[in-house]
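To be precise, the following lines are query.pdb, and they hold PDB, C-alpha atoms.
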ATOM      1  CA  MET J 186       0.000   0.000   0.000  1.00  0.00           C
ATOM      2  CA  THR J 187       1.361   3.431  -0.923  1.00  0.00           C
ATOM      3  CA  LEU J 188       1.037   6.055   1.784  1.00  0.00           C
ATOM      4  CA  PRO J 189       1.234   9.828   1.290  1.00  0.00           C
ATOM      5  CA  GLY J 190       4.625  11.498   1.493  1.00  0.00           C
ATOM      6  CA  PRO J 191       5.642  13.383   4.628  1.00  0.00           C
ATOM      7  CA  GLY J 192       5.917  16.896   3.211  1.00  0.00           C
ATOM      8  CA  PRO J 193       7.579  19.558   5.371  1.00  0.00           C
ATOM      9  CA  ARG J 194       6.036  18.327   8.619  1.00  0.00           C
ATOM     10  CA  GLY J 195       8.009  15.098   8.432  1.00  0.00           C
ATOM     11  CA  ILE J 196      11.415  16.622   7.750  1.00  0.00           C
ATOM     12  CA  PRO J 197      12.258  19.048  10.562  1.00  0.00           C
ATOM     13  CA  GLY J 198      15.929  18.843   9.675  1.00  0.00           C
ATOM     14  CA  SER J 199      15.437  20.481   6.291  1.00  0.00           C
ATOM     15  CA  GLN J 200      18.326  21.839   4.311  1.00  0.00           C
ATOM     16  CA  ARG J 201      18.194  25.407   5.572  1.00  0.00           C
ATOM     17  CA  GLU J 202      18.746  26.991   8.939  1.00  0.00           C
ATOM     18  CA  ALA J 203      16.394  29.287  10.816  1.00  0.00           C
ATOM     19  CA  GLY J 204      17.126  32.981  10.439  1.00  0.00           C
ATOM     20  CA  LYS J 205      18.495  35.158  13.204  1.00  0.00           C
ATOM     21  CA  GLY J 206      15.977  35.588  15.996  1.00  0.00           C
ATOM     22  CA  HIS J 207      14.135  32.424  14.954  1.00  0.00           C
ATOM     23  CA  ALA J 208      14.283  28.775  15.936  1.00  0.00           C
ATOM     24  CA  ARG J 209      13.362  25.807  13.746  1.00  0.00           C
ATOM     25  CA  LEU J 210      10.999  23.837  15.975  1.00  0.00           C
ATOM     26  CA  PHE J 211       8.784  20.781  16.118  1.00  0.00           C
ATOM     27  CA  PHE J 212       6.817  18.753  18.635  1.00  0.00           C
ATOM     28  CA  ALA J 213       7.733  15.074  18.655  1.00  0.00           C
ATOM     29  CA  LEU J 214       7.702  11.749  20.425  1.00  0.00           C
ATOM     30  CA  TRP J 215      11.218  11.049  21.690  1.00  0.00           C
ATOM     31  CA  PRO J 216      12.271   7.416  22.209  1.00  0.00           C
ATOM     32  CA  ASP J 217      13.916   5.981  25.297  1.00  0.00           C
ATOM     33  CA  ASP J 218      17.458   4.653  24.938  1.00  0.00           C
ATOM     34  CA  ALA J 219      16.465   1.040  24.270  1.00  0.00           C
ATOM     35  CA  THR J 220      13.929   1.994  21.592  1.00  0.00           C
ATOM     36  CA  ARG J 221      16.403   4.426  20.045  1.00  0.00           C
ATOM     37  CA  ALA J 222      19.034   1.694  19.834  1.00  0.00           C
ATOM     38  CA  ALA J 223      16.574  -0.748  18.257  1.00  0.00           C
ATOM     39  CA  LEU J 224      15.436   1.789  15.660  1.00  0.00           C
ATOM     40  CA  GLY J 225      19.041   2.756  14.930  1.00  0.00           C
ATOM     41  CA  ALA J 226      19.907  -0.898  14.381  1.00  0.00           C
ATOM     42  CA  LEU J 227      16.919  -1.259  12.035  1.00  0.00           C
ATOM     43  CA  GLY J 228      18.190   1.733  10.059  1.00  0.00           C
ATOM     44  CA  CYS J 229      21.604   0.106   9.652  1.00  0.00           C
ATOM     45  CA  VAL J 230      20.024  -3.149   8.459  1.00  0.00           C
ATOM     46  CA  VAL J 231      17.935  -1.336   5.857  1.00  0.00           C
ATOM     47  CA  GLN J 232      20.878   0.824   4.781  1.00  0.00           C
ATOM     48  CA  ALA J 233      22.860  -2.297   3.854  1.00  0.00           C
ATOM     49  CA  GLU J 234      20.127  -3.108   1.326  1.00  0.00           C
ATOM     50  CA  CYS J 235      19.035   0.359   0.167  1.00  0.00           C
ATOM     51  CA  GLY J 236      22.116   2.541   0.526  1.00  0.00           C
ATOM     52  CA  GLY J 237      21.518   6.133   1.486  1.00  0.00           C
ATOM     53  CA  ARG J 238      22.246   8.053   4.683  1.00  0.00           C
ATOM     54  CA  VAL J 239      21.104   6.518   7.939  1.00  0.00           C
ATOM     55  CA  THR J 240      19.480   8.761  10.531  1.00  0.00           C
ATOM     56  CA  PRO J 241      21.913   9.277  13.443  1.00  0.00           C
ATOM     57  CA  ALA J 242      20.610   7.504  16.530  1.00  0.00           C
ATOM     58  CA  ASP J 243      20.463  10.742  18.525  1.00  0.00           C
ATOM     59  CA  ASN J 244      18.154  12.258  15.884  1.00  0.00           C
ATOM     60  CA  ILE J 245      15.583   9.453  15.820  1.00  0.00           C
ATOM     61  CA  HIS J 246      12.083  10.684  16.683  1.00  0.00           C
ATOM     62  CA  LEU J 247       8.479  10.712  15.507  1.00  0.00           C
ATOM     63  CA  THR J 248       7.227  14.168  14.494  1.00  0.00           C
ATOM     64  CA  LEU J 249       3.881  15.291  15.900  1.00  0.00           C
ATOM     65  CA  VAL J 250       3.684  18.842  14.516  1.00  0.00           C
ATOM     66  CA  PHE J 251       6.368  20.588  12.464  1.00  0.00           C
ATOM     67  CA  LEU J 252       6.315  24.335  13.112  1.00  0.00           C
ATOM     68  CA  GLY J 253       9.199  25.571  10.971  1.00  0.00           C
ATOM     69  CA  ASP J 254      10.907  28.878  11.778  1.00  0.00           C
ATOM     70  CA  VAL J 255       9.369  30.392  14.908  1.00  0.00           C
ATOM     71  CA  PRO J 256      10.408  33.727  16.481  1.00  0.00           C
ATOM     72  CA  THR J 257      12.327  32.896  19.649  1.00  0.00           C
ATOM     73  CA  ALA J 258      10.114  35.377  21.494  1.00  0.00           C
ATOM     74  CA  ARG J 259       7.193  32.987  20.930  1.00  0.00           C
ATOM     75  CA  VAL J 260       8.815  29.824  22.297  1.00  0.00           C
ATOM     76  CA  ALA J 261       7.192  30.428  25.675  1.00  0.00           C
ATOM     77  CA  ASP J 262       3.820  30.575  23.887  1.00  0.00           C
ATOM     78  CA  LEU J 263       4.501  27.142  22.422  1.00  0.00           C
ATOM     79  CA  CYS J 264       5.234  25.803  25.882  1.00  0.00           C
ATOM     80  CA  ARG J 265       1.965  27.228  27.164  1.00  0.00           C
ATOM     81  CA  VAL J 266       0.114  25.468  24.338  1.00  0.00           C
ATOM     82  CA  ALA J 267       1.697  22.157  25.287  1.00  0.00           C
ATOM     83  CA  ASP J 268       1.008  22.804  28.966  1.00  0.00           C
ATOM     84  CA  GLY J 269      -2.670  22.614  28.067  1.00  0.00           C
ATOM     85  CA  MET J 270      -2.276  19.104  26.685  1.00  0.00           C
ATOM     86  CA  THR J 271      -2.344  15.876  28.669  1.00  0.00           C
ATOM     87  CA  ALA J 272       0.866  14.079  27.753  1.00  0.00           C
ATOM     88  CA  PRO J 273       0.080  10.508  26.668  1.00  0.00           C
ATOM     89  CA  CYS J 274       1.395   7.135  27.740  1.00  0.00           C
ATOM     90  CA  PHE J 275       0.739   4.324  25.267  1.00  0.00           C
ATOM     91  CA  GLY J 276       2.417   1.523  23.326  1.00  0.00           C
ATOM     92  CA  LEU J 277       3.516   1.905  19.724  1.00  0.00           C
ATOM     93  CA  ASP J 278       4.469  -1.117  17.601  1.00  0.00           C
ATOM     94  CA  VAL J 279       6.743  -0.224  14.677  1.00  0.00           C
ATOM     95  CA  GLY J 280       8.858  -2.290  12.334  1.00  0.00           C
ATOM     96  CA  ALA J 281       7.267  -2.456   8.884  1.00  0.00           C
ATOM     97  CA  VAL J 282       9.501  -0.565   6.437  1.00  0.00           C
ATOM     98  CA  HIS J 283       8.146   1.827   3.796  1.00  0.00           C
ATOM     99  CA  TYR J 284       9.654   3.920   0.996  1.00  0.00           C
ATOM    100  CA  TRP J 285       8.685   7.315  -0.384  1.00  0.00           C
ATOM    101  CA  ARG J 286      10.065   7.389  -3.906  1.00  0.00           C
ATOM    102  CA  HIS J 287       9.605  11.133  -4.490  1.00  0.00           C
ATOM    103  CA  ASN J 288      12.050  12.085  -1.728  1.00  0.00           C
ATOM    104  CA  ARG J 289      13.925   8.764  -1.390  1.00  0.00           C
ATOM    105  CA  ILE J 290      13.134   8.342   2.285  1.00  0.00           C
ATOM    106  CA  VAL J 291      12.907   4.933   3.953  1.00  0.00           C
ATOM    107  CA  TRP J 292      10.820   5.006   7.101  1.00  0.00           C
ATOM    108  CA  THR J 293       9.025   2.907   9.656  1.00  0.00           C
ATOM    109  CA  GLY J 294       5.888   3.492  11.665  1.00  0.00           C
ATOM    110  CA  PRO J 295       2.822   1.860  13.184  1.00  0.00           C
ATOM    111  CA  ALA J 296       0.408  -0.014  10.939  1.00  0.00           C
ATOM    112  CA  GLN J 297      -2.356   2.258  12.252  1.00  0.00           C
ATOM    113  CA  CYS J 298      -2.240   5.559  14.087  1.00  0.00           C
ATOM    114  CA  PRO J 299      -3.277   4.876  17.713  1.00  0.00           C
ATOM    115  CA  ASP J 300      -6.188   6.928  19.021  1.00  0.00           C
ATOM    116  CA  ALA J 301      -3.991   8.481  21.721  1.00  0.00           C
ATOM    117  CA  LEU J 302      -1.494   9.657  19.110  1.00  0.00           C
ATOM    118  CA  HIS J 303      -4.185  10.987  16.790  1.00  0.00           C
ATOM    119  CA  SER J 304      -5.821  12.892  19.663  1.00  0.00           C
ATOM    120  CA  LEU J 305      -2.515  14.435  20.738  1.00  0.00           C
ATOM    121  CA  VAL J 306      -1.698  15.654  17.218  1.00  0.00           C
ATOM    122  CA  ALA J 307      -5.214  17.002  16.658  1.00  0.00           C
ATOM    123  CA  GLY J 308      -5.199  18.742  20.025  1.00  0.00           C
ATOM    124  CA  LEU J 309      -1.816  20.359  19.414  1.00  0.00           C
ATOM    125  CA  GLU J 310      -2.791  21.519  15.919  1.00  0.00           C
ATOM    126  CA  SER J 311      -6.051  23.041  17.142  1.00  0.00           C
ATOM    127  CA  ALA J 312      -4.424  24.820  20.095  1.00  0.00           C
ATOM    128  CA  LEU J 313      -1.543  26.074  17.943  1.00  0.00           C
ATOM    129  CA  ALA J 314      -3.927  27.451  15.329  1.00  0.00           C
ATOM    130  CA  SER J 315      -5.874  29.314  18.019  1.00  0.00           C
ATOM    131  CA  ARG J 316      -2.651  31.085  18.992  1.00  0.00           C
ATOM    132  CA  GLY J 317      -1.735  31.970  15.432  1.00  0.00           C
ATOM    133  CA  PHE J 318       0.888  29.290  14.760  1.00  0.00           C
ATOM    134  CA  ASP J 319       1.068  27.730  11.302  1.00  0.00           C
ATOM    135  CA  SER J 320       1.410  23.984  10.861  1.00  0.00           C
ATOM    136  CA  ASP J 321       0.875  21.420   8.131  1.00  0.00           C
ATOM    137  CA  ARG J 322      -2.812  20.481   8.154  1.00  0.00           C
ATOM    138  CA  ARG J 323      -2.642  17.546   5.778  1.00  0.00           C
ATOM    139  CA  ALA J 324      -3.647  14.060   6.902  1.00  0.00           C
ATOM    140  CA  TYR J 325      -1.211  12.884   9.564  1.00  0.00           C
ATOM    141  CA  THR J 326       1.041   9.907   8.790  1.00  0.00           C
ATOM    142  CA  PRO J 327       3.114   8.885  11.835  1.00  0.00           C
ATOM    143  CA  HIS J 328       6.570   7.907  10.626  1.00  0.00           C
ATOM    144  CA  ILE J 329      10.156   7.590  11.773  1.00  0.00           C
ATOM    145  CA  THR J 330      12.791   8.387   9.153  1.00  0.00           C
ATOM    146  CA  LEU J 331      15.425   5.654   8.907  1.00  0.00           C
ATOM    147  CA  LEU J 332      17.253   6.634   5.691  1.00  0.00           C
ATOM    148  CA  ARG J 333      17.551   9.639   3.412  1.00  0.00           C
ATOM    149  CA  ASN J 334      18.717   9.546  -0.206  1.00  0.00           C
ATOM    150  CA  ALA J 335      18.075   5.800  -0.442  1.00  0.00           C
ATOM    151  CA  ARG J 336      19.143   4.345  -3.787  1.00  0.00           C
ATOM    152  CA  ARG J 337      16.303   1.843  -3.930  1.00  0.00           C
ATOM    153  CA  ALA J 338      13.209   0.657  -2.078  1.00  0.00           C
ATOM    154  CA  PRO J 339      13.735  -2.150   0.434  1.00  0.00           C
ATOM    155  CA  ALA J 340      12.831  -5.581  -0.861  1.00  0.00           C
ATOM    156  CA  THR J 341      11.980  -6.740   2.652  1.00  0.00           C
ATOM    157  CA  ARG J 342       9.142  -4.705   4.102  1.00  0.00           C
ATOM    158  CA  THR J 343       8.291  -6.697   7.232  1.00  0.00           C
ATOM    159  CA  MET J 344      10.718  -6.593  10.129  1.00  0.00           C
ATOM    160  CA  PRO J 345      10.420  -7.837  13.729  1.00  0.00           C
ATOM    161  CA  ALA J 346       8.205  -5.409  15.603  1.00  0.00           C
ATOM    162  CA  ILE J 347       9.804  -2.881  17.916  1.00  0.00           C
ATOM    163  CA  ARG J 348       7.679  -2.005  20.948  1.00  0.00           C
ATOM    164  CA  TRP J 349       7.971   1.670  21.871  1.00  0.00           C
ATOM    165  CA  SER J 350       6.473   2.601  25.238  1.00  0.00           C
ATOM    166  CA  VAL J 351       5.637   6.244  24.598  1.00  0.00           C
ATOM    167  CA  ALA J 352       6.074   8.424  27.673  1.00  0.00           C
ATOM    168  CA  GLY J 353       5.080  11.998  26.927  1.00  0.00           C
ATOM    169  CA  PHE J 354       6.328  14.284  24.173  1.00  0.00           C
ATOM    170  CA  VAL J 355       8.904  17.023  23.570  1.00  0.00           C
ATOM    171  CA  LEU J 356       9.495  20.370  21.922  1.00  0.00           C
ATOM    172  CA  ALA J 357      12.701  20.105  19.893  1.00  0.00           C
ATOM    173  CA  GLN J 358      14.878  22.442  17.856  1.00  0.00           C
ATOM    174  CA  SER J 359      16.660  21.650  14.602  1.00  0.00           C
ATOM    175  CA  LEU J 360      20.201  23.031  14.486  1.00  0.00           C
ATOM    176  CA  ARG J 361      23.110  22.767  12.091  1.00  0.00           C
ATOM    177  CA  ARG J 362      26.425  21.968  13.747  1.00  0.00           C
ATOM    178  CA  GLU J 363      29.613  21.109  11.900  1.00  0.00           C
ATOM    179  CA  ARG J 364      27.730  20.535   8.639  1.00  0.00           C
ATOM    180  CA  ALA J 365      25.277  18.146  10.289  1.00  0.00           C
ATOM    181  CA  VAL J 366      21.683  18.596  11.438  1.00  0.00           C
ATOM    182  CA  VAL J 367      21.137  17.842  15.109  1.00  0.00           C
ATOM    183  CA  TYR J 368      17.985  18.004  17.211  1.00  0.00           C
ATOM    184  CA  ASP J 369      18.013  19.472  20.717  1.00  0.00           C
ATOM    185  CA  VAL J 370      15.163  18.820  23.140  1.00  0.00           C
ATOM    186  CA  LEU J 371      14.044  22.107  24.687  1.00  0.00           C
ATOM    187  CA  ARG J 372      11.399  20.617  26.948  1.00  0.00           C
ATOM    188  CA  HIS J 373       9.840  17.270  27.803  1.00  0.00           C
ATOM    189  CA  TRP J 374       6.242  16.805  28.943  1.00  0.00           C
ATOM    190  CA  PRO J 375       6.076  13.474  30.842  1.00  0.00           C
ATOM    191  CA  PRO J 376       2.874  11.408  30.966  1.00  0.00           C
ATOM    192  CA  GLY J 377       0.045  13.303  32.610  1.00  0.00           C
ATOM    193  CA  ALA J 378       2.013  16.568  32.604  1.00  0.00           C
ATOM    194  CA  GLY J 379       0.229  19.820  31.934  1.00  0.00           C
ATOM    195  CA  THR J 380      -0.049  23.170  33.585  1.00  0.00           C
ATOM    196  CA  ARG J 381       1.439  21.831  36.811  1.00  0.00           C
ATOM    197  CA  SER J 382       4.975  22.286  35.477  1.00  0.00           C
ATOM    198  CA  ALA J 383       4.369  25.444  33.442  1.00  0.00           C
ATOM    199  CA  GLY J 384       6.058  27.908  35.784  1.00  0.00           C
ATOM    200  CA  ARG J 385       9.339  26.011  35.984  1.00  0.00           C
ATOM    201  CA  VAL J 386       9.577  25.554  32.236  1.00  0.00           C
ATOM    202  CA  ALA J 387       8.542  29.098  31.330  1.00  0.00           C
ATOM    203  CA  GLN J 388      11.538  30.361  33.308  1.00  0.00           C
ATOM    204  CA  HIS J 389      13.828  27.808  31.651  1.00  0.00           C
ATOM    205  CA  THR J 390      12.597  28.873  28.223  1.00  0.00           C
ATOM    206  CA  GLN J 391      13.235  32.531  28.948  1.00  0.00           C
ATOM    207  CA  ASP J 392      16.756  31.738  30.156  1.00  0.00           C
ATOM    208  CA  GLU J 393      17.370  29.680  27.023  1.00  0.00           C
ATOM    209  CA  TYR J 394      16.752  32.543  24.612  1.00  0.00           C
ATOM    210  CA  HIS J 395      17.610  35.722  26.523  1.00  0.00           C
TER     211      HIS J 395
END
Taking this structure as input, can you express it in the form of structure tokens?
Amino acid sequence: MTLPGPGPRGIPGSQREAGKGHARLFFALWPDDATRAALGALGCVVQAECGGRVTPADNIHLTLVFLGDVPTARVADLCRVADGMTAPCFGLDVGAVHYWRHNRIVWTGPAQCPDALHSLVAGLESALASRGFDSDRRAYTPHITLLRNARRAPATRTMPAIRWSVAGFVLAQSLRRERAVVYDVLRHWPPGAGTRSAGRVAQHTQDEYH
């Protein structure tokens, strides 16, 4: 089955940097160390067959909402939006490998989008729109990029399932360092988190950018 391509929302580490006074941001699910290692190993297995550039283990994530270039003065507003969400805790089974020919990306993701994930994305998009933030409103396809610039589609599409125990979500920034794109987590919302931790993080966010 052919699924729609990711578009900008699925590639936070795009080929350009944010301008001065802006940060290139996205909300995402961030894996624990064991899940990160398993997904990194899957990327290496697929790379041996498809070629291309494997996603560095430290960059592995699942995008929820890609925001693009956001004025740093509005980062605290983003945190307040997320403070209004209830951070989820659910299981995510990934492993099946897919290929987007138009951008030569090999990716993995769940066979179906769990209700908890769909609700989180929809809630974030709605709250962001109410505060004047732009985001990609196309149908959401949860995916984890394994390879970029793959030379061919993988012949083997079914891999052993990787169980990811999702524990909250993060706001992350895309940066370019030494000719490589890296992702820095600015804040993590653990399961059940909301406005209870807003004060502590608002101060951290202000210190981060001022």
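Minimum atom-to-atom distances from J:Ala222, J:Ala352, J:Val231, J:Val255 to J:Thr271 were compared using all atoms listed in the file, and the lowest value belongs to J:Ala352.
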Let me know the residues the PyMOL selection byres ((chain J and resi 252) around 9) catches in the file above, as a list in words.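 For this structure, the PyMOL selection byres ((chain J and resi 252) around 9) resolves to Arg194, Pro197, Arg209, Leu210, Phe211, Phe212, Val250, Phe251, Gly253, Asp254, Val255, Phe318, Asp319, Ser320 and Asp321 of chain J.
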Run the PyMOL selection byres ((chain J and resi 270) around 10) mentally over the shown coordinates, then write out the matched residues as an MDAnalysis selection string, using the chain letters and numbers from the document. chainID J and resid 265:269 271:273 305 308:309 312 374 377:380
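Residues in contact with J:Thr341 at up to 12 Å, not including ones fewer than 2 positions away on its chain and judged by all atoms listed in the file, are J:Leu227, J:Val230, J:Val231, J:Gln232, J:Ala233, J:Glu234, J:Cys235, J:Gly280, J:Ala281, J:Val282, J:His283, J:Tyr284, J:Val291, J:Arg337, J:Ala338, J:Pro339, J:Thr343, J:Met344, J:Pro345.
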Please determine the residues with any atom at most 12 Å from (15.0, 19.1, 17.1) (coordinates as given in the file, with all atoms listed in the file counting) and report them as a count of residues only. 40
Taking (14.4, 35.5, 19.2) in the file's coordinates as the center, which residues reach within 9 Å of it, counting all atoms listed in the file, put as a list of chain:residue names? J:Lys205, J:Gly206, J:His207, J:Ala208, J:Val255, J:Pro256, J:Thr257, J:Ala258, J:Arg259, J:Val260, J:Tyr394, J:His395
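Coordinates place atom CA of J:Asp278 at a distance of 25.2 Å from atom CA of J:Asn334.
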Using only C-alpha atoms, pick whichever of J:Pro216, J:Cys274, J:Ile290, J:Ala226 has the shortest atom-to-atom distance to J:Pro375.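 The shortest atom-to-atom distance to J:Pro375 comes from J:Cys274.
When only C-alpha atoms are used to measure the gap to J:Val351, the shortest distance among J:Gly228, J:Pro299, J:Gly276, J:Gly317 belongs to J:Gly276.
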Kindly list the centre and edge lengths in Å, rounded to one decimal, for the axis-aligned box that covers all listed atoms of stretch 299-302 of chain J plus 6 Å on each of its six sides, as JSON.
{"center_x": -3.8, "center_y": 7.3, "center_z": 19.7, "size_x": 16.7, "size_y": 16.8, "size_z": 16.0}
Nearest to J:Arg333 among J:Gly225, J:His373, J:Ala346, J:Val239, with distances taken over all atoms listed in the file: which residue is it? J:Val239
What would the file be for stretch 199-245 of chain J if you keep C-alpha atoms and write it as a CSV table (one decimal), in the first residue's frame?
chain,number,residue,atom,x,y,z
J,199,SER,CA,15.4,20.5,6.3
J,200,GLN,CA,18.3,21.8,4.3
J,201,ARG,CA,18.2,25.4,5.6
J,202,GLU,CA,18.7,27.0,8.9
J,203,ALA,CA,16.4,29.3,10.8
J,204,GLY,CA,17.1,33.0,10.4
J,205,LYS,CA,18.5,35.2,13.2
J,206,GLY,CA,16.0,35.6,16.0
J,207,HIS,CA,14.1,32.4,15.0
J,208,ALA,CA,14.3,28.8,15.9
J,209,ARG,CA,13.4,25.8,13.7
J,210,LEU,CA,11.0,23.8,16.0
J,211,PHE,CA,8.8,20.8,16.1
J,212,PHE,CA,6.8,18.8,18.6
J,213,ALA,CA,7.7,15.1,18.7
J,214,LEU,CA,7.7,11.7,20.4
J,215,TRP,CA,11.2,11.0,21.7
J,216,PRO,CA,12.3,7.4,22.2
J,217,ASP,CA,13.9,6.0,25.3
J,218,ASP,CA,17.5,4.7,24.9
J,219,ALA,CA,16.5,1.0,24.3
J,220,THR,CA,13.9,2.0,21.6
J,221,ARG,CA,16.4,4.4,20.0
J,222,ALA,CA,19.0,1.7,19.8
J,223,ALA,CA,16.6,-0.7,18.3
J,224,LEU,CA,15.4,1.8,15.7
J,225,GLY,CA,19.0,2.8,14.9
J,226,ALA,CA,19.9,-0.9,14.4
J,227,LEU,CA,16.9,-1.3,12.0
J,228,GLY,CA,18.2,1.7,10.1
J,229,CYS,CA,21.6,0.1,9.7
J,230,VAL,CA,20.0,-3.1,8.5
J,231,VAL,CA,17.9,-1.3,5.9
J,232,GLN,CA,20.9,0.8,4.8
J,233,ALA,CA,22.9,-2.3,3.9
J,234,GLU,CA,20.1,-3.1,1.3
J,235,CYS,CA,19.0,0.4,0.2
J,236,GLY,CA,22.1,2.5,0.5
J,237,GLY,CA,21.5,6.1,1.5
J,238,ARG,CA,22.2,8.1,4.7
J,239,VAL,CA,21.1,6.5,7.9
J,240,THR,CA,19.5,8.8,10.5
J,241,PRO,CA,21.9,9.3,13.4
J,242,ALA,CA,20.6,7.5,16.5
J,243,ASP,CA,20.5,10.7,18.5
J,244,ASN,CA,18.2,12.3,15.9
J,245,ILE,CA,15.6,9.5,15.8
